[in-house]
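Q: Starting off with a structure, shown below.
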Amino acid sequence: MNNSSKKAGPVDFRMPRSLLLTVSLFFLWVFSCCGMDKPAERRVVGGPCEYKAYMGHARIVSIHEKELPPKVGEPSNVVYDVKFSFTPHEEIKEKWVRVEGKEYLLLLANSSYPGPGFLKKYGIKPDKCFECYLKVIIRGTCTPVLFDFPTIDLTDYSET
């Protein structure tokens, strides 16, 4: 009889139960360790956070022109490095917060430097003082210290 005329029967690929259980437990462990068992909308990263606000004033210490590299096909971008100091109107209760003698960089909410139109619009110039709130984290894992300027809109991106 010719071997080519024989029909091959189905091949049995059954996995031993112990190996199947081991592989299943391994994948279950990997997914649970990586957080794969939770829907993305239920995961919380960095929050929720609570802050205590301390009223005070910010004094503009210095303003220096800063030229950023131009984007392709655009002229150079002149922005300003604006530094301020903060003086609270009351004692800060959180002992880890030290603002005395420090200078802070004034950036827009998207972390970009302000431009000449922004400085003009809000009257930002050396030695000028602005009402300011120091926000100190009291719960959560967000940014520990923030500054809020009620009379300066840090989301004003009109120059960009």
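Just remember, in the structure tokens the first chain shown is A, the second B, etc., residues are 1-based per chain, and ligands are 1-based in the order shown.
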Would you give me, as a list of chain:residue names, the residues in segment 56-129 of chain A that DSSP reads as strand (DSSP E)?
A: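 DSSP on the backbone gives strand (DSSP E) at A:Gly56, A:His57, A:Ala58, A:Arg59, A:Ile60, A:Val61, A:Ser62, A:Ile63, A:His64, A:Glu65, A:Lys66, A:Glu67, A:Leu68, A:Asn77, A:Val78, A:Val79, A:Tyr80, A:Asp81, A:Val82, A:Lys83, A:Phe84, A:Ser85, A:Phe86, A:Thr87, A:Pro88, A:Tyr104, A:Leu105, A:Cys129.
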Q: Write out as a PyMOL selection string each polymer residue whose atoms come within 9 Å of segment 126-140 of chain A, counting only C-alpha atoms; drop sequence neighbours fewer than 6 positions from it.
A: chain A and resi 46-63+82+84+86-88+94+97+146-152
Q: Kindly export the residues of the current selection with N, CA and C atoms, as a compact mmCIF listing (two decimals), in the first residue's frame.
A:
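Result went into part_1.txt, see below:
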# COMPACT_ATOMS: atom_id res chain seq x y z
N GLY A 46 -2.40 60.80 40.81
CA GLY A 46 -2.07 62.09 41.36
C GLY A 46 -3.18 62.82 42.10
N GLY A 47 -4.27 62.23 42.35
CA GLY A 47 -5.34 62.98 43.00
C GLY A 47 -6.28 62.07 43.73
N PRO A 48 -7.36 62.54 44.24
CA PRO A 48 -7.74 63.94 44.29
C PRO A 48 -6.88 64.68 45.32
N CYS A 49 -6.65 65.96 45.08
CA CYS A 49 -5.78 66.74 45.95
C CYS A 49 -6.54 67.91 46.55
N GLU A 50 -6.11 68.31 47.73
CA GLU A 50 -6.68 69.47 48.40
C GLU A 50 -5.54 70.41 48.77
N TYR A 51 -5.82 71.71 48.68
CA TYR A 51 -4.82 72.73 48.99
C TYR A 51 -5.37 73.70 50.02
N LYS A 52 -4.47 74.27 50.81
CA LYS A 52 -4.80 75.37 51.70
C LYS A 52 -4.18 76.61 51.07
N ALA A 53 -4.96 77.70 50.98
CA ALA A 53 -4.48 78.92 50.33
C ALA A 53 -4.06 79.95 51.36
N TYR A 54 -2.91 80.56 51.13
CA TYR A 54 -2.40 81.64 51.96
C TYR A 54 -2.31 82.89 51.10
N MET A 55 -3.05 83.93 51.51
CA MET A 55 -3.03 85.18 50.76
C MET A 55 -1.72 85.92 51.04
N GLY A 56 -1.26 86.61 50.02
CA GLY A 56 -0.04 87.40 50.15
C GLY A 56 0.14 88.25 48.91
N HIS A 57 1.36 88.67 48.68
CA HIS A 57 1.62 89.41 47.44
C HIS A 57 2.91 88.91 46.80
N ALA A 58 2.92 88.99 45.48
CA ALA A 58 4.09 88.60 44.70
C ALA A 58 4.70 89.89 44.14
N ARG A 59 6.00 90.05 44.33
CA ARG A 59 6.71 91.21 43.79
C ARG A 59 7.57 90.74 42.63
N ILE A 60 7.43 91.41 41.49
CA ILE A 60 8.23 91.05 40.32
C ILE A 60 9.67 91.47 40.60
N VAL A 61 10.56 90.49 40.60
CA VAL A 61 11.97 90.71 40.92
C VAL A 61 12.78 91.06 39.68
N SER A 62 12.53 90.32 38.59
CA SER A 62 13.31 90.57 37.37
C SER A 62 12.54 90.10 36.14
N ILE A 63 12.86 90.75 35.01
CA ILE A 63 12.29 90.36 33.72
C ILE A 63 13.44 90.39 32.72
N VAL A 82 10.36 85.77 33.70
CA VAL A 82 9.86 86.66 34.74
C VAL A 82 9.99 85.95 36.08
N PHE A 84 9.57 86.21 40.40
CA PHE A 84 8.89 86.93 41.47
C PHE A 84 9.21 86.31 42.82
N PHE A 86 7.50 85.87 46.87
CA PHE A 86 6.19 85.83 47.51
C PHE A 86 6.34 86.15 48.99
N THR A 87 5.46 87.02 49.48
CA THR A 87 5.40 87.35 50.90
C THR A 87 3.98 87.06 51.39
N PRO A 88 3.84 86.11 52.32
CA PRO A 88 2.50 85.78 52.82
C PRO A 88 2.02 86.85 53.80
N GLU A 94 2.28 74.96 57.53
CA GLU A 94 3.02 73.78 57.08
C GLU A 94 4.52 74.11 57.16
N VAL A 97 7.11 74.21 54.15
CA VAL A 97 7.03 75.24 53.10
C VAL A 97 7.93 76.41 53.49
N LEU A 146 1.64 75.72 44.72
CA LEU A 146 1.21 76.43 43.52
C LEU A 146 0.99 77.90 43.86
N PHE A 147 1.06 78.76 42.84
CA PHE A 147 0.75 80.17 43.02
C PHE A 147 -0.43 80.53 42.13
N ASP A 148 -1.36 81.29 42.68
CA ASP A 148 -2.54 81.71 41.95
C ASP A 148 -2.61 83.24 41.99
N PHE A 149 -2.70 83.85 40.80
CA PHE A 149 -2.77 85.29 40.66
C PHE A 149 -4.18 85.68 40.23
N PRO A 150 -5.00 86.23 41.12
CA PRO A 150 -6.37 86.58 40.76
C PRO A 150 -6.48 87.62 39.64
N THR A 151 -5.50 88.51 39.50
CA THR A 151 -5.59 89.57 38.48
C THR A 151 -4.78 89.26 37.23
N ILE A 152 -4.16 88.09 37.17
CA ILE A 152 -3.39 87.68 35.99
C ILE A 152 -3.96 86.35 35.51
Q: If you take only C-alpha atoms and a cut-off of 8 Å, which residues of segment 68-142 of chain A touch segment 156-160 of chain A, and what are their nearest atom pairs and distances in Å to one decimal, in chain and number order, as a Markdown table?
A:
| residue | atom | partner | partner_atom | distance |
| --- | --- | --- | --- | --- |
| A:Leu108 | CA | A:Asp156 | CA | 7.7 |
| A:Gly115 | CA | A:Glu159 | CA | 6.7 |
| A:Gly117 | CA | A:Glu159 | CA | 6.7 |
| A:Phe118 | CA | A:Glu159 | CA | 7.3 |
Q: Quick check, in Å to one decimal: how far apart do atom CA of Glu67 of chain A and atom CA of Asp81 of chain A lie?
A: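 A separation of 9.7 Å between them.
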Q: List as number ranges by chain the protein and nucleic acid residues near Val78 of chain A, meaning an atom at most 10 Å away when only C-alpha atoms are counted, but skip any in the same chain fewer than 4 places from it.
A: A: 65-70, 113-116
Q: Please measure the separation of atom CA of Pro144 of chain A and atom CA of Arg98 of chain A, giving the value in Å to one decimal.
A: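 Spanning atom CA of Pro144 of chain A to atom CA of Arg98 of chain A is a straight-line distance of 11.8 Å.
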